[in-house]
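*Asks:* Dropping in input.pdb, with PDB, C-alpha atoms.
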MODEL        1
ATOM      1  CA  MET Z   1      86.096  73.197 110.816
ATOM      2  CA  ALA Z   2      83.515  75.868 109.964
ATOM      3  CA  GLU Z   3      86.193  78.565 109.806
ATOM      4  CA  LYS Z   4      88.359  76.388 107.595
ATOM      5  CA  GLU Z   5      85.521  75.781 105.181
ATOM      6  CA  GLN Z   6      84.937  79.547 104.839
ATOM      7  CA  GLY Z   7      88.566  80.286 104.041
ATOM      8  CA  CYS Z   8      90.573  79.990 100.834
ATOM      9  CA  SER Z   9      91.789  76.416 100.727
ATOM     10  CA  SER Z  10      93.094  76.825  97.157
ATOM     11  CA  ALA Z  11      92.846  79.139  94.161
ATOM     12  CA  SER Z  12      90.323  76.799  92.517
ATOM     13  CA  THR Z  13      87.970  76.553  95.493
ATOM     14  CA  CYS Z  14      88.189  80.108  96.839
ATOM     15  CA  SER Z  15      84.769  81.307  97.928
ATOM     16  CA  ARG Z  16      85.632  84.592  99.670
ATOM     17  CA  GLU Z  17      86.041  87.603  97.405
ATOM     18  CA  SER Z  18      87.190  89.677 100.390
ATOM     19  CA  CYS Z  19      90.293  87.531 100.910
ATOM     20  CA  GLU Z  20      92.917  90.183 100.095
ATOM     21  CA  GLY Z  21      95.838  87.869 100.749
ATOM     22  CA  CYS Z  22      94.762  85.350  98.122
ATOM     23  CA  PRO Z  23      96.855  85.524  94.925
ATOM     24  CA  SER Z  24      93.955  84.146  92.904
ATOM     25  CA  SER Z  25      92.178  87.483  93.293
ATOM     26  CA  GLN Z  26      94.892  89.366  91.396
ATOM     27  CA  GLY Z  27      93.524  90.144  87.976
ATOM     28  CA  LYS Z  28      91.808  86.750  87.681
ATOM     29  CA  GLY Z  29      88.582  87.278  89.565
ATOM     30  CA  SER Z  30      85.794  89.819  89.551
ATOM     31  CA  GLN Z  31      87.269  91.992  92.281
ATOM     32  CA  SER Z  32      90.243  94.343  91.996
ATOM     33  CA  PHE Z  33      92.034  95.839  94.987
ATOM     34  CA  LEU Z  34      93.737  98.619  93.019
ATOM     35  CA  GLU Z  35      93.373 101.975  94.719
ATOM     36  CA  GLU Z  36      92.529 105.091  92.741
ATOM     37  CA  LEU Z  37      95.411 107.493  92.276
ATOM     38  CA  ASN Z  38      95.035 111.026  93.608
ATOM     39  CA  ARG Z  39      92.944 112.867  91.025
ATOM     40  CA  TYR Z  40      95.537 115.637  90.671
ATOM     41  CA  SER Z  41      98.342 113.185  89.899
ATOM     42  CA  SER Z  42      99.469 111.327  86.793
ATOM     43  CA  ILE Z  43     102.051 108.531  87.032
ATOM     44  CA  LYS Z  44     103.130 106.555  83.982
ATOM     45  CA  LYS Z  45     105.208 103.792  85.592
ATOM     46  CA  VAL Z  46     105.474 102.401  89.129
ATOM     47  CA  ILE Z  47     108.692 100.560  89.985
ATOM     48  CA  GLY Z  48     109.025  98.657  93.256
ATOM     49  CA  VAL Z  49     112.424  98.142  94.882
ATOM     50  CA  VAL Z  50     112.380  95.051  97.092
ATOM     51  CA  SER Z  51     114.688  92.785  99.037
ATOM     52  CA  GLY Z  52     114.319  89.404 100.634
ATOM     53  CA  LYS Z  53     116.228  90.502 103.738
ATOM     54  CA  GLY Z  54     117.149  93.714 105.500
ATOM     55  CA  GLY Z  55     120.448  95.547 105.472
ATOM     56  CA  VAL Z  56     121.268  95.160 101.775
ATOM     57  CA  GLY Z  57     120.996  98.838 100.826
ATOM     58  CA  LYS Z  58     117.527  98.851  99.307
ATOM     59  CA  SER Z  59     116.888 102.525 100.096
ATOM     60  CA  PHE Z  60     120.292 103.406  98.642
ATOM     61  CA  VAL Z  61     119.373 101.682  95.380
ATOM     62  CA  THR Z  62     115.900 103.272  95.340
ATOM     63  CA  ALA Z  63     117.257 106.777  95.766
ATOM     64  CA  GLY Z  64     120.174 106.108  93.407
ATOM     65  CA  LEU Z  65     117.862 104.908  90.634
ATOM     66  CA  ALA Z  66     115.619 107.930  91.159
ATOM     67  CA  ASN Z  67     118.611 110.276  90.930
ATOM     68  CA  ALA Z  68     119.854 108.572  87.775
ATOM     69  CA  MET Z  69     116.478 108.715  86.049
ATOM     70  CA  GLN Z  70     116.045 112.356  87.055
ATOM     71  CA  LYS Z  71     119.430 113.151  85.504
ATOM     72  CA  LYS Z  72     118.231 111.539  82.273
ATOM     73  CA  GLY Z  73     115.423 114.090  82.127
ATOM     74  CA  TYR Z  74     112.554 112.033  83.517
ATOM     75  CA  ARG Z  75     110.119 113.261  86.153
ATOM     76  CA  VAL Z  76     110.478 110.873  89.089
ATOM     77  CA  GLY Z  77     109.205 110.542  92.635
ATOM     78  CA  ILE Z  78     109.896 108.313  95.646
ATOM     79  CA  LEU Z  79     107.212 106.711  97.786
ATOM     80  CA  ASP Z  80     108.843 105.481 100.992
ATOM     81  CA  ALA Z  81     106.713 102.459 101.892
ATOM     82  CA  ASP Z  82     109.107 101.307 104.619
ATOM     83  CA  ILE Z  83     106.776 102.673 107.283
ATOM     84  CA  THR Z  84     108.536 101.307 110.360
ATOM     85  CA  GLY Z  85     112.055 102.076 109.132
ATOM     86  CA  PRO Z  86     111.907 105.093 106.808
ATOM     87  CA  SER Z  87     115.294 106.397 105.695
ATOM     88  CA  ILE Z  88     114.699 108.250 102.420
ATOM     89  CA  PRO Z  89     114.023 111.696 104.025
ATOM     90  CA  LYS Z  90     117.246 111.594 106.055
ATOM     91  CA  MET Z  91     119.261 110.683 102.963
ATOM     92  CA  TYR Z  92     118.037 113.846 101.237
ATOM     93  CA  GLY Z  93     118.008 116.075 104.305
ATOM     94  CA  LEU Z  94     114.210 116.382 104.298
ATOM     95  CA  HIS Z  95     112.161 117.180 107.396
ATOM     96  CA  GLY Z  96     108.462 117.575 108.108
ATOM     97  CA  PRO Z  97     105.846 118.408 108.726
ATOM     98  CA  ALA Z  98     104.429 117.940 105.259
ATOM     99  CA  VAL Z  99     101.711 120.375 104.282
ATOM    100  CA  GLY Z 100      98.547 119.954 102.301
ATOM    101  CA  ASN Z 101      95.737 121.801 100.597
ATOM    102  CA  GLU Z 102      92.328 121.030  99.177
ATOM    103  CA  LYS Z 103      93.959 118.720  96.603
ATOM    104  CA  GLY Z 104      95.732 116.510  99.145
ATOM    105  CA  ILE Z 105      99.087 116.088 100.876
ATOM    106  CA  LEU Z 106     102.030 117.787  99.190
ATOM    107  CA  PRO Z 107     105.247 115.739  99.041
ATOM    108  CA  ALA Z 108     108.566 117.218 100.101
ATOM    109  CA  GLN Z 109     111.002 118.141  97.343
ATOM    110  CA  THR Z 110     114.658 117.140  97.276
ATOM    111  CA  GLU Z 111     117.253 119.674  96.154
ATOM    112  CA  ASN Z 112     117.372 118.005  92.746
ATOM    113  CA  GLY Z 113     113.609 118.236  92.367
ATOM    114  CA  ILE Z 114     112.377 114.755  93.335
ATOM    115  CA  PRO Z 115     109.062 114.665  95.253
ATOM    116  CA  VAL Z 116     109.220 112.356  98.290
ATOM    117  CA  MET Z 117     106.560 111.096 100.663
ATOM    118  CA  SER Z 118     107.466 109.215 103.832
ATOM    119  CA  LEU Z 119     105.977 108.723 107.264
ATOM    120  CA  ASN Z 120     108.900 110.674 108.733
ATOM    121  CA  LEU Z 121     107.478 113.747 107.020
ATOM    122  CA  LEU Z 122     104.158 113.356 108.847
ATOM    123  CA  VAL Z 123     105.119 112.574 112.458
ATOM    124  CA  ASP Z 124     106.110 115.030 115.179
ATOM    125  CA  ASP Z 125     109.161 113.070 116.314
ATOM    126  CA  GLU Z 126     111.239 111.526 113.530
ATOM    127  CA  GLU Z 127     113.108 109.313 115.999
ATOM    128  CA  ALA Z 128     110.020 107.882 117.713
ATOM    129  CA  PRO Z 129     109.346 104.204 116.889
ATOM    130  CA  VAL Z 130     106.300 103.366 114.789
ATOM    131  CA  VAL Z 131     104.425 100.745 116.827
ATOM    132  CA  TRP Z 132     101.530 100.001 114.519
ATOM    133  CA  ARG Z 133      99.768  96.840 113.490
ATOM    134  CA  GLY Z 134      99.773  95.609 109.909
ATOM    135  CA  PRO Z 135      96.374  96.995 108.794
ATOM    136  CA  VAL Z 136      97.285 100.516 109.945
ATOM    137  CA  ILE Z 137     100.631 100.356 108.136
ATOM    138  CA  ALA Z 138      98.951  99.047 104.982
ATOM    139  CA  GLY Z 139      96.380 101.839 105.146
ATOM    140  CA  THR Z 140      99.133 104.449 105.365
ATOM    141  CA  VAL Z 141     100.824 103.071 102.255
ATOM    142  CA  LYS Z 142      97.524 103.282 100.375
ATOM    143  CA  GLN Z 143      97.096 106.904 101.474
ATOM    144  CA  PHE Z 144     100.510 107.741 100.046
ATOM    145  CA  TRP Z 145      98.975 106.764  96.694
ATOM    146  CA  THR Z 146      95.448 108.134  97.042
ATOM    147  CA  ASP Z 147      95.986 111.314  99.090
ATOM    148  CA  VAL Z 148      99.398 112.626  97.950
ATOM    149  CA  VAL Z 149      99.541 115.151  95.124
ATOM    150  CA  TRP Z 150     102.377 113.692  93.056
ATOM    151  CA  GLY Z 151     101.763 115.816  89.987
ATOM    152  CA  GLU Z 152     102.904 114.436  86.638
ATOM    153  CA  LEU Z 153     105.573 111.731  86.939
ATOM    154  CA  ASP Z 154     107.188 109.407  84.458
ATOM    155  CA  TYR Z 155     108.378 107.036  87.199
ATOM    156  CA  LEU Z 156     107.429 106.518  90.830
ATOM    157  CA  PHE Z 157     109.938 104.408  92.753
ATOM    158  CA  VAL Z 158     108.502 102.591  95.774
ATOM    159  CA  ASP Z 159     110.993 101.757  98.516
ATOM    160  CA  MET Z 160     109.536  98.715 100.267
ATOM    161  CA  PRO Z 161     110.489  97.062 103.550
ATOM    162  CA  PRO Z 162     112.328  93.726 103.354
ATOM    163  CA  GLY Z 163     110.518  90.421 103.136
ATOM    164  CA  THR Z 164     107.155  89.353 101.778
ATOM    165  CA  GLY Z 165     104.830  90.685 104.461
ATOM    166  CA  ASP Z 166     101.925  93.121 104.671
ATOM    167  CA  VAL Z 167     103.467  96.133 102.944
ATOM    168  CA  PRO Z 168     104.828  94.416  99.809
ATOM    169  CA  LEU Z 169     101.507  92.594  99.484
ATOM    170  CA  THR Z 170      99.605  95.877  99.868
ATOM    171  CA  VAL Z 171     101.771  97.619  97.272
ATOM    172  CA  PHE Z 172     101.418  94.781  94.767
ATOM    173  CA  GLN Z 173      97.656  94.672  95.234
ATOM    174  CA  SER Z 174      96.839  98.358  95.593
ATOM    175  CA  LEU Z 175      99.256 100.059  93.183
ATOM    176  CA  PRO Z 176      99.629  99.337  89.433
ATOM    177  CA  VAL Z 177     103.223  98.119  89.764
ATOM    178  CA  ASN Z 178     104.887  97.779  86.355
ATOM    179  CA  GLY Z 179     107.955  95.912  87.595
ATOM    180  CA  ILE Z 180     110.310  95.351  90.512
ATOM    181  CA  VAL Z 181     114.039  95.561  91.054
ATOM    182  CA  ILE Z 182     115.408  93.100  93.618
ATOM    183  CA  VAL Z 183     118.354  94.214  95.760
ATOM    184  CA  THR Z 184     120.641  91.594  97.238
ATOM    185  CA  SER Z 185     124.165  91.060  98.574
ATOM    186  CA  PRO Z 186     126.985  88.576  97.780
ATOM    187  CA  GLN Z 187     126.166  85.777 100.205
ATOM    188  CA  GLU Z 188     125.545  82.050  99.924
ATOM    189  CA  LEU Z 189     121.872  82.469 100.788
ATOM    190  CA  VAL Z 190     121.287  84.925  97.955
ATOM    191  CA  GLN Z 191     119.522  82.429  95.695
ATOM    192  CA  LEU Z 192     117.074  81.315  98.384
ATOM    193  CA  ILE Z 193     116.337  84.905  99.403
ATOM    194  CA  VAL Z 194     115.891  86.135  95.852
ATOM    195  CA  LYS Z 195     113.626  83.190  95.029
ATOM    196  CA  LYS Z 196     111.178  84.254  97.732
ATOM    197  CA  ALA Z 197     110.863  87.740  96.251
ATOM    198  CA  ILE Z 198     110.532  86.381  92.710
ATOM    199  CA  HIS Z 199     107.887  83.846  93.690
ATOM    200  CA  MET Z 200     105.833  86.566  95.363
ATOM    201  CA  ALA Z 201     106.119  88.760  92.274
ATOM    202  CA  ASN Z 202     105.069  85.854  90.068
ATOM    203  CA  MET Z 203     102.046  85.181  92.265
ATOM    204  CA  MET Z 204     100.987  88.795  91.712
ATOM    205  CA  ASP Z 205     101.877  88.825  87.989
ATOM    206  CA  ILE Z 206     104.507  91.538  88.546
ATOM    207  CA  PRO Z 207     107.497  91.488  86.140
ATOM    208  CA  VAL Z 208     110.968  91.199  87.686
ATOM    209  CA  LEU Z 209     113.202  93.716  85.912
ATOM    210  CA  GLY Z 210     116.430  92.359  87.369
ATOM    211  CA  LEU Z 211     118.851  92.134  90.278
ATOM    212  CA  VAL Z 212     121.123  94.762  91.792
ATOM    213  CA  GLU Z 213     123.890  93.359  93.961
ATOM    214  CA  ASN Z 214     125.055  95.800  96.619
ATOM    215  CA  TYR Z 215     128.273  95.586  98.679
ATOM    216  CA  SER Z 216     129.877  93.539  95.905
ATOM    217  CA  TYR Z 217     133.387  94.674  96.784
ATOM    218  CA  LEU Z 218     135.493  97.404  98.319
ATOM    219  CA  LYS Z 219     137.992  99.074  96.019
ATOM    220  CA  CYS Z 220     141.382  99.583  97.660
ATOM    221  CA  PRO Z 221     142.158 103.332  97.589
ATOM    222  CA  ASP Z 222     145.876 102.628  97.125
ATOM    223  CA  CYS Z 223     146.166  99.845  94.562
ATOM    224  CA  GLY Z 224     142.626  99.685  93.138
ATOM    225  CA  ARG Z 225     142.253  95.961  93.908
ATOM    226  CA  GLN Z 226     138.755  94.714  94.548
ATOM    227  CA  ILE Z 227     138.399  93.339  98.092
ATOM    228  CA  LYS Z 228     135.473  90.894  98.455
ATOM    229  CA  LEU Z 229     134.408  91.721 102.014
ATOM    230  CA  PHE Z 230     131.442  89.343 101.941
ATOM    231  CA  GLY Z 231     133.049  86.582  99.905
ATOM    232  CA  GLU Z 232     132.685  85.703  96.272
ATOM    233  CA  SER Z 233     129.541  86.827  94.529
ATOM    234  CA  HIS Z 234     126.894  84.264  93.606
ATOM    235  CA  VAL Z 235     124.533  86.711  91.925
ATOM    236  CA  GLU Z 236     125.293  85.693  88.333
ATOM    237  CA  GLU Z 237     124.672  82.045  89.147
ATOM    238  CA  ALA Z 238     121.435  82.896  90.916
ATOM    239  CA  ALA Z 239     120.280  85.150  88.083
ATOM    240  CA  GLU Z 240     121.021  82.517  85.456
ATOM    241  CA  ASN Z 241     119.169  79.827  87.389
ATOM    242  CA  LEU Z 242     116.197  82.129  87.871
ATOM    243  CA  GLY Z 243     116.187  83.495  84.332
ATOM    244  CA  ILE Z 244     116.622  87.170  85.228
ATOM    245  CA  SER Z 245     119.247  89.838  84.565
ATOM    246  CA  VAL Z 246     121.909  91.389  86.788
ATOM    247  CA  LEU Z 247     121.439  95.141  86.385
ATOM    248  CA  ALA Z 248     124.430  96.256  88.455
ATOM    249  CA  LYS Z 249     127.057  95.142  90.962
ATOM    250  CA  LEU Z 250     127.698  98.040  93.312
ATOM    251  CA  PRO Z 251     130.839  98.462  95.401
ATOM    252  CA  LEU Z 252     130.915  99.555  99.013
ATOM    253  CA  GLU Z 253     131.851 103.243  98.784
ATOM    254  CA  PRO Z 254     132.260 105.145 102.093
ATOM    255  CA  GLU Z 255     131.787 108.500 100.384
ATOM    256  CA  ASN Z 256     128.285 107.483  99.274
ATOM    257  CA  ALA Z 257     127.376 106.521 102.832
ATOM    258  CA  ALA Z 258     128.657 109.916 103.959
ATOM    259  CA  LEU Z 259     126.353 111.672 101.481
ATOM    260  CA  ALA Z 260     123.371 109.805 102.941
ATOM    261  CA  ASP Z 261     124.384 110.556 106.531
ATOM    262  CA  GLU Z 262     124.799 114.251 105.711
ATOM    263  CA  GLY Z 263     121.469 114.491 103.898
ATOM    264  CA  LYS Z 264     123.145 115.276 100.590
ATOM    265  CA  PHE Z 265     122.173 112.235  98.554
ATOM    266  CA  HIS Z 266     121.074 114.469  95.699
ATOM    267  CA  LEU Z 267     124.794 114.848  94.983
ATOM    268  CA  LEU Z 268     125.264 111.115  94.346
ATOM    269  CA  ASP Z 269     126.904 110.354  91.020
ATOM    270  CA  SER Z 270     127.098 106.615  90.396
ATOM    271  CA  PRO Z 271     127.760 105.456  86.804
ATOM    272  CA  LEU Z 272     126.899 101.883  87.798
ATOM    273  CA  LEU Z 273     123.446 102.931  88.970
ATOM    274  CA  GLU Z 274     122.973 104.915  85.776
ATOM    275  CA  GLN Z 275     123.460 101.655  83.873
ATOM    276  CA  ALA Z 276     120.816 100.013  86.041
ATOM    277  CA  ALA Z 277     118.480 102.945  85.482
ATOM    278  CA  GLU Z 278     118.901 102.592  81.729
ATOM    279  CA  ALA Z 279     117.920  98.937  82.022
ATOM    280  CA  VAL Z 280     114.843  99.905  84.025
ATOM    281  CA  ARG Z 281     113.930 102.548  81.448
TER     282      ARG Z 281
ENDMDL
END
Please go through the file and, once you have read it, give me the structure as structure tokens.
*Replies:*
Amino acid sequence: MAEKEQGCSSASTCSRESCEGCPSSQGKGSQSFLEELNRYSSIKKVIGVVSGKGGVGKSFVTAGLANAMQKKGYRVGILDADITGPSIPKMYGLHGPAVGNEKGILPAQTENGIPVMSLNLLVDDEEAPVVWRGPVIAGTVKQFWTDVVWGELDYLFVDMPPGTGDVPLTVFQSLPVNGIVIVTSPQELVQLIVKKAIHMANMMDIPVLGLVENYSYLKCPDCGRQIKLFGESHVEEAAENLGISVLAKLPLEPENAALADEGKFHLLDSPLLEQAAEAVR
């Protein structure tokens, strides 16, 4: 009973200022958990890319949005916060080890000039599993903000792991996130999954910029007909019920997957993602 009395039973009776997991501490109490950005960096907007479940192409959307914004003339970077499953470096053909100087850690640069920081750029073996507990993973994400020399950026896209666990919570609390893009797929459970991400964002007072539906259809190379591999889309219905916008519905395109596998994602040219990027802008 003593432990229960010391904990946060509700937002109105919270008595522990050190309770980082309590939503009531976000901008409403005396304590802020925002980390200080590296002193040699300047970032105007931080955009999180999240998903309620894995395997929906969140990293693809993150990198695609970054490419599209870079093509529009903005200075963008990618923070790969998916510590246990980083994929951004492979998509761009980047390899470590990252180097540093007296200012901090220097991010790797893609061929189209996008700075990237990921755990895969810091470990000796890129294929070795990351068997770390939550606090260590959260600390690494914070260091990607405090210790990396990002330079001057208009937008920093944060590729987060799926779900509503330690890393999304750490990002929402520690970084000044200006908005999130939710990535989903055309399945019956989409509304339930998206709701979880939206509710977490609302708890943290983070604006939801909209939905991107991936794997919406496969376009037949012969007749051009749209083949709904995962059934009919429910994203418009979900978006309407939740009061948010659908930014893009992306088809399944094998050539885009090939670019990622070959480490040539800087060559991606997706008009649909450019529309989503314009909405984010």
*Asks:* Kindly give the distance, in Å, that separates CA of Trp132 (chain Z) and CA of Gly104 (chain Z), rounded to a single decimal.
*Replies:* 23.3 Å
*Asks:* Quick one: of Z:Glu152, Z:Glu36, Z:Glu102, Z:Glu213, who's nearest to Leu273 (chain Z), counting all atoms listed in the file?
*Replies:*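 Once distances to Leu273 (chain Z) are computed over all atoms listed in the file, the minimum belongs to Z:Glu213.
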*Asks:* Apply the PyMOL selection byres ((chain Z and resi 134) around 12) to the file shown and report the selected residues as a CSV table (one decimal) with C-alpha atoms, in the frame of the given file.
*Replies:*
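Listed below is the output, selection.csv:
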chain,number,residue,atom,x,y,z
Z,83,ILE,CA,106.8,102.7,107.3
Z,84,THR,CA,108.5,101.3,110.4
Z,130,VAL,CA,106.3,103.4,114.8
Z,131,VAL,CA,104.4,100.7,116.8
Z,132,TRP,CA,101.5,100.0,114.5
Z,133,ARG,CA,99.8,96.8,113.5
Z,135,PRO,CA,96.4,97.0,108.8
Z,136,VAL,CA,97.3,100.5,109.9
Z,137,ILE,CA,100.6,100.4,108.1
Z,138,ALA,CA,99.0,99.0,105.0
Z,139,GLY,CA,96.4,101.8,105.1
Z,140,THR,CA,99.1,104.4,105.4
Z,141,VAL,CA,100.8,103.1,102.3
Z,165,GLY,CA,104.8,90.7,104.5
Z,166,ASP,CA,101.9,93.1,104.7
Z,167,VAL,CA,103.5,96.1,102.9
Z,168,PRO,CA,104.8,94.4,99.8
Z,169,LEU,CA,101.5,92.6,99.5
Z,170,THR,CA,99.6,95.9,99.9
*Asks:* Taking the file above as input, evaluate the PyMOL selection byres ((chain Z and resi 181) around 12) and report the hits as a PyMOL selection string.
*Replies:* chain Z and resi 46-52+58-59+61-62+65+157-160+177-180+182-184+194+197-198+201+206-213+244-248+276-277+279-281
*Asks:* Starting from the shown file, work through the PyMOL selection byres ((chain Z and resi 173) around 9) and note down what comes out as number ranges by chain.
*Replies:* Z: 20-21, 26, 32-35, 168-172, 174-177, 204
